[in-house]
Structure formats: structure tokens, C-alpha cells
$ cat upload.cif   # mmCIF, C-alpha atoms
data_query
loop_
_atom_site.label_atom_id
_atom_site.label_comp_id
_atom_site.auth_asym_id
_atom_site.auth_seq_id
_atom_site.Cartn_x
_atom_site.Cartn_y
_atom_site.Cartn_z
CA MET A 1 0.00 0.00 0.00
CA THR A 2 1.16 3.51 -0.70
CA ALA A 3 -0.06 6.88 0.52
CA ALA A 4 -2.09 8.83 -2.02
CA GLY A 5 -0.11 11.16 -4.25
CA ASN A 6 -0.70 13.53 -7.12
CA GLY A 7 2.51 12.85 -9.03
CA SER A 8 3.99 16.26 -8.44
CA GLY A 9 7.23 16.34 -6.52
CA ASP A 10 7.46 20.10 -6.49
CA GLY A 11 6.48 20.34 -2.86
CA GLY A 12 2.99 21.43 -3.69
CA GLY A 13 1.19 18.47 -2.17
CA ARG A 14 1.15 17.04 1.31
CA SER A 15 0.30 13.66 -0.15
CA ASP A 16 3.47 13.75 -2.24
CA ASP A 17 5.46 14.42 0.89
CA LEU A 18 4.08 11.18 2.27
CA LEU A 19 5.05 9.31 -0.90
CA ILE A 20 8.55 10.72 -0.61
CA GLU A 21 8.64 9.66 3.03
CA GLN A 22 7.84 6.09 2.00
CA VAL A 23 10.32 5.96 -0.87
CA ALA A 24 13.04 7.36 1.38
CA GLY A 25 12.68 4.33 3.65
CA ALA A 26 14.82 1.24 3.14
CA TYR A 27 11.92 -1.19 2.77
CA ARG A 28 11.60 -2.71 -0.67
CA PRO A 29 8.96 -5.38 -1.30
CA PRO A 30 9.92 -8.89 -2.37
CA SER A 31 9.94 -9.21 -6.14
CA ARG A 32 10.34 -11.96 -8.69
CA THR A 33 12.51 -9.63 -10.70
CA GLU A 34 15.97 -8.77 -9.49
CA LEU A 35 15.26 -5.23 -8.39
CA ARG A 36 12.75 -4.41 -5.71
CA TYR A 37 11.32 -1.00 -6.54
CA HIS A 38 9.11 0.70 -3.98
CA PRO A 39 5.63 0.99 -5.53
CA ALA A 40 5.39 4.65 -4.50
CA TRP A 41 8.54 5.49 -6.49
CA HIS A 42 6.54 5.14 -9.71
CA ASP A 43 4.06 7.75 -8.47
CA LEU A 44 6.73 10.42 -8.08
CA ASP A 45 7.87 12.80 -10.78
CA PRO A 46 11.61 13.43 -11.31
CA ALA A 47 11.71 16.22 -8.74
CA GLY A 48 10.03 14.01 -6.16
CA ARG A 49 12.49 11.21 -6.87
CA GLU A 50 15.39 13.58 -6.35
CA ARG A 51 13.94 14.64 -3.01
CA ALA A 52 13.43 11.02 -2.00
CA PHE A 53 17.08 10.30 -2.82
CA ALA A 54 18.28 13.26 -0.76
CA ARG A 55 16.05 12.38 2.15
CA ALA A 56 17.13 8.73 2.11
CA ARG A 57 20.76 9.82 2.12
CA ALA A 58 20.22 12.02 5.15
CA LEU A 59 18.07 9.48 6.99
CA ARG A 60 20.63 6.70 6.60
CA ALA A 61 23.24 8.84 8.29
CA LEU A 62 20.88 9.42 11.20
CA GLU A 63 19.97 5.74 11.39
CA ALA A 64 23.61 4.72 11.43
CA ALA A 65 24.28 7.20 14.22
CA LEU A 66 21.48 5.67 16.30
CA ASP A 67 22.56 2.06 15.67
CA PRO A 68 25.01 0.38 18.06
CA ASP A 69 26.91 -1.11 15.13
CA GLY A 70 26.73 2.03 13.02
CA LEU A 71 24.50 0.37 10.45
CA SER A 72 21.67 2.01 8.57
CA THR A 73 18.40 0.27 7.80
CA THR A 74 19.71 -0.30 4.27
CA ALA A 75 22.69 -2.20 5.67
CA HIS A 76 20.44 -4.20 7.99
CA ALA A 77 18.14 -5.08 5.08
CA VAL A 78 21.06 -6.32 2.99
CA LEU A 79 22.51 -8.33 5.86
CA ALA A 80 19.11 -9.92 6.46
CA ARG A 81 18.99 -11.08 2.85
CA ILE A 82 22.54 -12.43 3.07
CA THR A 83 21.86 -14.42 6.21
CA GLY A 84 18.53 -15.70 4.90
CA ARG A 85 16.40 -13.89 7.42
CA ARG A 86 14.43 -12.28 4.64
CA MET B 87 27.45 16.42 9.70
CA VAL B 88 30.36 17.03 12.02
CA ALA B 89 33.81 16.02 10.85
CA GLY B 90 35.82 13.49 12.78
CA ALA B 91 38.83 11.34 11.99
CA LEU B 92 39.53 10.50 8.38
CA SER B 93 38.15 7.21 7.16
CA MET B 94 40.30 4.10 6.82
CA ASP B 95 40.82 1.69 3.96
CA LEU B 96 37.71 -0.49 4.02
CA ASP B 97 39.68 -3.38 2.54
CA VAL B 98 40.83 -4.24 6.06
CA HIS B 99 37.59 -6.25 6.22
CA VAL B 100 38.09 -8.12 2.93
CA ALA B 101 39.84 -11.22 4.28
CA ALA B 102 37.02 -11.91 6.73
CA ILE B 103 34.39 -11.12 4.09
CA VAL B 104 35.99 -13.59 1.69
CA GLY B 105 35.84 -16.08 4.54
CA GLY B 106 32.07 -15.62 4.68
CA ASP B 107 31.80 -13.50 7.81
CA PRO B 108 28.59 -11.40 7.68
CA ARG B 109 29.76 -9.27 10.62
CA ALA B 110 32.82 -8.23 8.67
CA PHE B 111 30.60 -7.43 5.71
CA GLY B 112 28.48 -5.33 8.05
CA ALA B 113 31.55 -3.39 9.14
CA TRP B 114 32.43 -2.83 5.47
CA LEU B 115 28.85 -1.78 4.73
CA ALA B 116 28.94 0.87 7.45
CA GLY B 117 31.65 2.71 5.54
CA ALA B 118 30.82 1.73 1.97
CA GLU B 119 27.05 2.21 1.77
CA PRO B 120 27.02 6.05 1.78
CA ARG B 121 29.73 6.19 -0.88
CA VAL B 122 28.03 3.71 -3.20
CA ARG B 123 24.75 5.57 -2.71
CA ASP B 124 26.38 8.88 -3.60
CA SER B 125 27.91 7.36 -6.72
CA LEU B 126 24.36 6.64 -7.95
CA ARG B 127 23.08 10.17 -7.39
CA SER B 128 22.92 11.01 -11.10
CA PHE B 129 20.45 8.14 -11.63
CA ALA B 130 18.00 9.28 -8.94
CA GLN B 131 15.39 10.58 -11.38
CA VAL B 132 15.27 7.44 -13.52
CA VAL B 133 15.83 4.45 -11.22
CA ASP B 134 14.92 3.60 -7.64
CA VAL B 135 18.41 4.10 -6.21
CA GLU B 136 17.56 2.34 -2.94
CA ALA B 137 16.57 -0.79 -4.90
CA VAL B 138 19.70 -0.62 -7.07
CA LEU B 139 21.87 0.00 -4.03
CA GLN B 140 20.57 -2.99 -2.06
CA GLU B 141 20.95 -5.29 -5.06
CA THR B 142 24.47 -3.94 -5.64
CA LEU B 143 25.53 -4.61 -2.07
CA LEU B 144 24.07 -8.11 -2.23
CA ARG B 145 26.06 -8.80 -5.40
CA VAL B 146 29.25 -7.53 -3.77
CA TRP B 147 28.81 -10.14 -1.05
CA GLN B 148 28.23 -12.81 -3.71
CA VAL B 149 31.32 -11.95 -5.77
CA ALA B 150 33.61 -11.11 -2.82
CA PRO B 151 35.15 -14.62 -2.67
CA ARG B 152 36.58 -13.98 -6.15
CA PHE B 153 37.78 -10.45 -5.38
CA VAL B 154 41.46 -9.82 -6.14
CA ALA B 155 43.03 -6.71 -4.63
CA ASP B 156 44.92 -4.41 -6.99
CA GLY B 157 47.20 -2.95 -4.34
CA ARG B 158 45.26 0.29 -4.00
CA ASP B 159 43.00 1.23 -1.09
CA ASN B 160 39.27 0.49 -1.11
CA GLY B 161 39.38 -2.04 -3.92
CA LEU B 162 36.11 -3.71 -2.88
CA LEU B 163 34.44 -0.30 -2.68
CA ARG B 164 35.57 0.55 -6.19
CA LEU B 165 34.22 -2.79 -7.39
CA ALA B 166 30.90 -2.04 -5.69
CA ILE B 167 30.66 1.31 -7.45
CA ARG B 168 31.28 -0.34 -10.82
CA ILE B 169 28.63 -2.98 -10.09
CA GLY B 170 26.13 -0.35 -9.02
CA ARG B 171 26.76 1.84 -12.01
CA ASN B 172 26.41 -1.08 -14.44
CA LEU B 173 23.23 -2.19 -12.72
CA ALA B 174 21.76 1.32 -12.90
CA ILE B 175 22.65 1.63 -16.59
CA SER B 176 21.05 -1.76 -17.31
CA GLU B 177 17.96 -0.61 -15.48
CA VAL B 178 17.78 2.60 -17.49
CA ARG B 179 17.96 0.55 -20.69
CA ARG B 180 15.41 -1.99 -19.47
CA THR B 181 12.88 0.63 -18.51
CA ARG B 182 13.68 2.79 -21.55
CA ALA B 183 14.04 5.76 -19.24
CA THR B 184 15.67 8.88 -20.58
CA PRO B 185 19.40 8.19 -20.19
CA THR B 186 21.35 10.31 -17.78
CA ASP B 187 24.97 11.27 -18.06
CA GLY B 188 25.91 9.30 -14.98
CA GLY B 189 29.22 11.16 -14.78
CA ASP B 190 32.63 9.94 -15.77
CA LEU B 191 33.36 6.65 -14.00
CA GLU B 192 36.88 7.60 -13.00
CA THR B 193 35.63 10.84 -11.47
CA VAL B 194 32.94 8.98 -9.56
CA LEU B 195 35.46 6.41 -8.31
CA ALA B 196 37.90 9.10 -7.22
CA ALA B 197 35.19 10.94 -5.32
CA ALA B 198 34.06 7.76 -3.59
CA ALA B 199 37.57 6.74 -2.60
CA ALA B 200 38.45 10.14 -1.17
CA PRO B 201 38.82 10.20 2.63
CA ARG B 202 35.63 11.05 4.49
CA PRO B 203 34.90 12.09 8.03
CA ALA B 204 34.24 9.17 10.34
CA PRO B 205 31.15 9.33 12.57
CA ASP B 206 31.70 11.73 15.44
CA PRO B 207 30.91 10.24 18.90
CA MET B 208 29.64 13.64 20.05
CA LEU B 209 27.26 13.79 17.12
CA ARG B 210 26.03 10.29 17.82
CA ARG B 211 25.33 11.25 21.41
CA ALA B 212 23.52 14.42 20.36
CA ILE B 213 21.29 12.53 17.95
CA GLY B 214 20.48 9.95 20.61
CA GLU B 215 19.63 12.61 23.17
CA CYS B 216 17.42 14.45 20.68
CA ARG B 217 15.61 11.21 19.92
CA ASP B 218 14.97 10.73 23.62
CA GLN B 219 13.18 14.10 23.69
CA LEU B 220 10.68 13.25 20.95
CA PRO B 221 6.98 13.15 21.84
CA PRO B 222 5.57 9.61 22.15
CA ARG B 223 3.87 9.18 18.79
CA PRO B 224 6.68 10.53 16.59
CA ARG B 225 9.13 8.52 18.71
CA GLN B 226 7.08 5.38 18.14
CA ALA B 227 7.10 5.93 14.38
CA LEU B 228 10.85 6.55 14.29
CA ASP B 229 11.63 3.55 16.49
CA ALA B 230 9.36 1.32 14.41
CA ARG B 231 11.25 2.26 11.25
CA LEU B 232 14.56 1.53 12.95
CA ALA B 233 13.36 -1.77 14.42
CA GLY B 234 11.82 -2.76 11.09
CA ALA B 235 15.33 -2.49 9.64
CA GLY B 236 14.07 -2.18 6.09
CA GLY B 237 12.23 -5.47 6.32
CA GLN B 238 8.70 -4.27 6.94
CA ALA B 239 6.51 -2.00 4.85
CA ASP B 240 5.26 1.21 6.40
CA ASP B 241 1.67 -0.03 6.41
CA GLU B 242 2.78 -3.06 8.46
CA LEU B 243 4.66 -0.83 10.87
CA ALA B 244 1.64 1.45 11.11
CA ALA B 245 -0.69 -1.44 11.85
CA GLY B 246 1.65 -2.63 14.58
CA LEU B 247 1.28 0.76 16.25
CA GLY B 248 -2.47 0.96 15.69
CA MET B 249 -2.08 3.84 13.25
CA ARG B 250 -3.32 4.43 9.73
CA LEU B 251 -0.55 4.58 7.13
CA ASN B 252 -0.84 8.32 6.61
CA THR B 253 -0.87 8.95 10.35
CA PHE B 254 2.27 6.85 10.72
CA LEU B 255 4.01 8.77 7.92
CA GLN B 256 2.97 12.11 9.40
CA ASN B 257 4.38 11.06 12.76
CA PHE B 258 7.60 9.94 11.11
CA THR B 259 7.86 13.27 9.31
CA ARG B 260 7.30 15.05 12.62
CA ALA B 261 10.05 12.98 14.27
CA ARG B 262 12.45 13.87 11.47
CA GLN B 263 11.68 17.57 11.73
CA LEU B 264 11.91 17.62 15.52
CA LEU B 265 15.24 15.82 15.42
CA ALA B 266 16.57 18.41 12.99
CA ASP B 267 15.28 21.27 15.16
CA CYS B 268 16.85 19.76 18.28
CA LEU B 269 20.19 19.21 16.56
CA SER B 270 20.11 22.72 15.16
CA ARG B 271 19.66 24.15 18.67
CA ARG B 272 22.79 22.22 19.66
CA GLY B 273 24.71 23.81 16.82
CA VAL B 274 24.76 20.70 14.66
CA ALA B 275 24.44 21.52 10.99
CA ILE B 276 21.95 19.13 9.47
CA THR B 277 20.94 18.77 5.86
CA LEU B 278 17.81 20.60 4.78
CA GLU B 279 16.25 17.39 3.56
CA ILE B 280 16.12 16.05 7.11
CA GLY B 281 14.64 19.19 8.61
CA GLU B 282 12.38 20.04 5.70
#
$ encode --input "upload.cif" --output "C-alpha cells"
Amino acid sequence: MTAAGNGSGDGGGRSDDLLIEQVAGAYRPPSRTELRYHPAWHDLDPAGRERAFARARALRALEAALDPDGLSTTAHAVLARITGRR
Amino acid sequence: MVAGALSMDLDVHVAAIVGGDPRAFGAWLAGAEPRVRDSLRSFAQVVDVEAVLQETLLRVWQVAPRFVADGRDNGLLRLAIRIGRNLAISEVRRTRATPTDGGDLETVLAAAAAPRPAPDPMLRRAIGECRDQLPPRPRQALDARLAGAGGQADDELAAGLGMRLNTFLQNFTRARQLLADCLSRRGVAITLEIGE
């Protein structure tokens, strides 16, 4: 499920902010294809995707700072796949 | 972020990684992930960089047993950047997205291999203390994201807290903004995207 959006990443819509918030997270759904896109990514325009990238970059630094091993949620997600936990 | 000591050669972890040690790979990830992510910045409009990044890091683990050092620092990191770039280009072609420049590979590799500030213990403490000051609902949303560790969708996390998805996301946004405000009051420069 994704939050409702209007496809404009220009900051004009609160709903787009929520889409960006989702895309900036590390969760990516299981997929039969190799890459696991977040469904909400497709609902963002190029400006929204840029903002999601920037927000993810900043969030990962915060996450790593709050983690005892210095790992972001991206790193934890990858390690979970490696060790078969996901 | 606040500058600390210069970063080390991440290849110190390679021997243990080749031996199949996930903890060593985690230690490598802590330093490599931000650099690989930054190397994919030019693709942000046309591919889901988070998806490409996670697949790239997974492939690095898979090919690591065959990795041969070239005598220069951060060899595995440079390999990861090449894998990520090739994966992003393949994805652009597959989806027929408008190609992006992507930047010159050598320039991207040089930027990624340049020394970076290591995490500052004072900054880590400040972030932790600011988190402790968050109101309950934003704190719950932030903690759920951290505990979910990228393995649970936001609607699952929301349900676990008895929130609607949009309410959960609004609380997470609030937590992010409050953290930025708190850090700013402590004189910590924080990127606009966090405090937006």
C-alpha cells in the first residue's frame, strides 16, 4: 500500500510528501525480478524522486548514528537477505 | 554532519568477508554504503536508487570470494561502485528511461575513494539525546522504522502501532523535523532534507 499522491514532486502536495517519506525508507517489497522498486517510487515525478534520494541519504546517516553497530536500515536489510532472514 | 577522523581503507575487512563473515561485511557496509549511494546520485530521477543499491551490495557479497586486490585502497568499494553503475545503466535501458549522463566513472570512483569524516561520537550522542526528547507518537514511528530495519513496509509498521498509514508517515515526518530542530539548537548543521 502507498499513501495517495498527485505525481507532483514540487512540494505542492502534502500527499506527495508522504510518498517521498515512504520511498526514502529502506523497505523494498519482495519481487520476482531482481530489483525491488518501492511501488510509490513510480508515483513520483523526477523532482520528487530527487527529493526522496536526498532524504534517504540524510536518513541513513541518522539511522547509522542511532545504531550500536553504526549500520543504517539499508545495511540491515542487505545483511538480512545475506543471512537468509528475509 | 560534524567532521571526525579521516576514514580508513575499508579493505581491512576483505579477508574476513571472503571467509564468509557477515559481521565483517556489516563493518564494510557501514563505511561503503554512503559512498556507493552517492555514486548513484545522477540516476536518482530514472531508477529507484535504494533498490539498485541494495541489489548492488548483495552482489558484492556474492562476488567477494573472487575479489582480487589491486594494491590500492578500497578495492572492494571501487568494485561495488562499478557494479552499481552497471546495474543502474542496465535498469535505465530496461525501462527505456531517458538516459542520464551518470558522470565519468573515474571521477565517480575518485570521489568515492576520497577520505571522508568518520562518525563523530559527540554527534552520535547528540542525535540519541534528541531522539529521547521526541513526543511519544513521533518517537514510536521513528523507532518502528529503525526496528523494522528495512524489512517491513510502512503499512505493516503502522498497523503494529495501531495507526493508519498516513498517520504513521505524518508522525515519522514530525520525528524527522523535531530531530533536525533539536540538533540545530545544539549547533549541529543538518541537511535541509532532514529538517524540511
$ closest_residue --input "upload.cif" --among "B:Ala233, B:Leu144, B:Val138, B:Leu255" --to "Arg123 of chain B" --atoms "only C-alpha atoms"
B:Val138
$ resolve_selection --input "upload.cif" --expression "the PyMOL selection byres ((chain B) within 6 of (chain A))" --output "PDB file with C-alpha atoms, in the coordinates of the input"
ATOM      1  CA  ALA B 116      28.940   0.870   7.450  1.00  0.00           C
ATOM      2  CA  ALA B 130      18.000   9.280  -8.940  1.00  0.00           C
ATOM      3  CA  GLN B 131      15.390  10.580 -11.380  1.00  0.00           C
ATOM      4  CA  ASP B 134      14.920   3.600  -7.640  1.00  0.00           C
ATOM      5  CA  ALA B 137      16.570  -0.790  -4.900  1.00  0.00           C
ATOM      6  CA  ARG B 210      26.030  10.290  17.820  1.00  0.00           C
ATOM      7  CA  ALA B 235      15.330  -2.490   9.640  1.00  0.00           C
ATOM      8  CA  GLY B 236      14.070  -2.180   6.090  1.00  0.00           C
ATOM      9  CA  GLY B 237      12.230  -5.470   6.320  1.00  0.00           C
ATOM     10  CA  ALA B 239       6.510  -2.000   4.850  1.00  0.00           C
ATOM     11  CA  GLU B 279      16.250  17.390   3.560  1.00  0.00           C
TER      12      GLU B 279
END
$ atom_distance --input "upload.cif" --atom1 "atom CA of Arg109 of chain B" --atom2 "atom CA of Glu215 of chain B"
27.2 Å
$ residues_around --input "upload.cif" --residues "Gly105 of chain B" --least-positions-apart "4" --cutoff "9 Å" --atoms "only C-alpha atoms" --output "list in words"
Val100, Ala101 and Pro151 of chain B
$ atom_distance --input "upload.cif" --atom1 "atom CA of Leu96 of chain B" --atom2 "atom CA of Leu115 of chain B"
9.0 Å
$ atom_distance --input "upload.cif" --atom1 "atom CA of Leu126 of chain B" --atom2 "atom CA of Leu162 of chain B"
16.5 Å
$ residues_around --input "upload.cif" --residues "segment 173-179 of chain B" --least-positions-apart "5" --cutoff "10 Å" --atoms "all atoms listed in the file" --output "mmCIF file with C-alpha atoms, keeping the file's coordinate frame"
data_model
loop_
_atom_site.group_PDB
_atom_site.id
_atom_site.type_symbol
_atom_site.label_atom_id
_atom_site.label_comp_id
_atom_site.auth_asym_id
_atom_site.auth_seq_id
_atom_site.Cartn_x
_atom_site.Cartn_y
_atom_site.Cartn_z
ATOM 1 C CA LEU A 35 15.260 -5.230 -8.390
ATOM 2 C CA LEU B 126 24.360 6.640 -7.950
ATOM 3 C CA SER B 128 22.920 11.010 -11.100
ATOM 4 C CA PHE B 129 20.450 8.140 -11.630
ATOM 5 C CA ALA B 130 18.000 9.280 -8.940
ATOM 6 C CA VAL B 132 15.270 7.440 -13.520
ATOM 7 C CA VAL B 133 15.830 4.450 -11.220
ATOM 8 C CA ASP B 134 14.920 3.600 -7.640
ATOM 9 C CA VAL B 135 18.410 4.100 -6.210
ATOM 10 C CA ALA B 137 16.570 -0.790 -4.900
ATOM 11 C CA VAL B 138 19.700 -0.620 -7.070
ATOM 12 C CA LEU B 139 21.870 0.000 -4.030
ATOM 13 C CA GLU B 141 20.950 -5.290 -5.060
ATOM 14 C CA THR B 142 24.470 -3.940 -5.640
ATOM 15 C CA ILE B 167 30.660 1.310 -7.450
ATOM 16 C CA ARG B 168 31.280 -0.340 -10.820
ATOM 17 C CA THR B 184 15.670 8.880 -20.580
ATOM 18 C CA PRO B 185 19.400 8.190 -20.190
ATOM 19 C CA THR B 186 21.350 10.310 -17.780
ATOM 20 C CA GLY B 188 25.910 9.300 -14.980
#
$ resolve_selection --input "upload.cif" --expression "the PyMOL selection byres ((chain B and resi 260) around 10)" --output "PyMOL selection string"
chain B and resi 220-221+223-225+227-228+254-259+261-266+281-282
$ residues_near_point --input "upload.cif" --point "(4.2, 2.2, 8.4)" --cutoff "9 Å" --atoms "all atoms listed in the file" --output "compact mmCIF listing (two decimals) with C-alpha atoms, keeping the file's coordinate frame"
# COMPACT_ATOMS: atom_id res chain seq x y z
CA GLN A 22 7.84 6.09 2.00
CA ALA B 227 7.10 5.93 14.38
CA ALA B 230 9.36 1.32 14.41
CA ARG B 231 11.25 2.26 11.25
CA GLN B 238 8.70 -4.27 6.94
CA ALA B 239 6.51 -2.00 4.85
CA ASP B 240 5.26 1.21 6.40
CA ASP B 241 1.67 -0.03 6.41
CA GLU B 242 2.78 -3.06 8.46
CA LEU B 243 4.66 -0.83 10.87
CA ALA B 244 1.64 1.45 11.11
CA ALA B 245 -0.69 -1.44 11.85
CA GLY B 246 1.65 -2.63 14.58
CA LEU B 247 1.28 0.76 16.25
CA MET B 249 -2.08 3.84 13.25
CA ARG B 250 -3.32 4.43 9.73
CA LEU B 251 -0.55 4.58 7.13
CA ASN B 252 -0.84 8.32 6.61
CA THR B 253 -0.87 8.95 10.35
CA PHE B 254 2.27 6.85 10.72
CA LEU B 255 4.01 8.77 7.92
CA PHE B 258 7.60 9.94 11.11
$ axis_aligned_box --input "upload.cif" --around "segment 127-131 of chain B" --padding-each-side "4 Å" --output "lines of an AutoDock Vina configuration file"
center_x = 19.2
center_y = 9.6
center_z = -9.5
size_x = 15.7
size_y = 10.9
size_z = 12.2
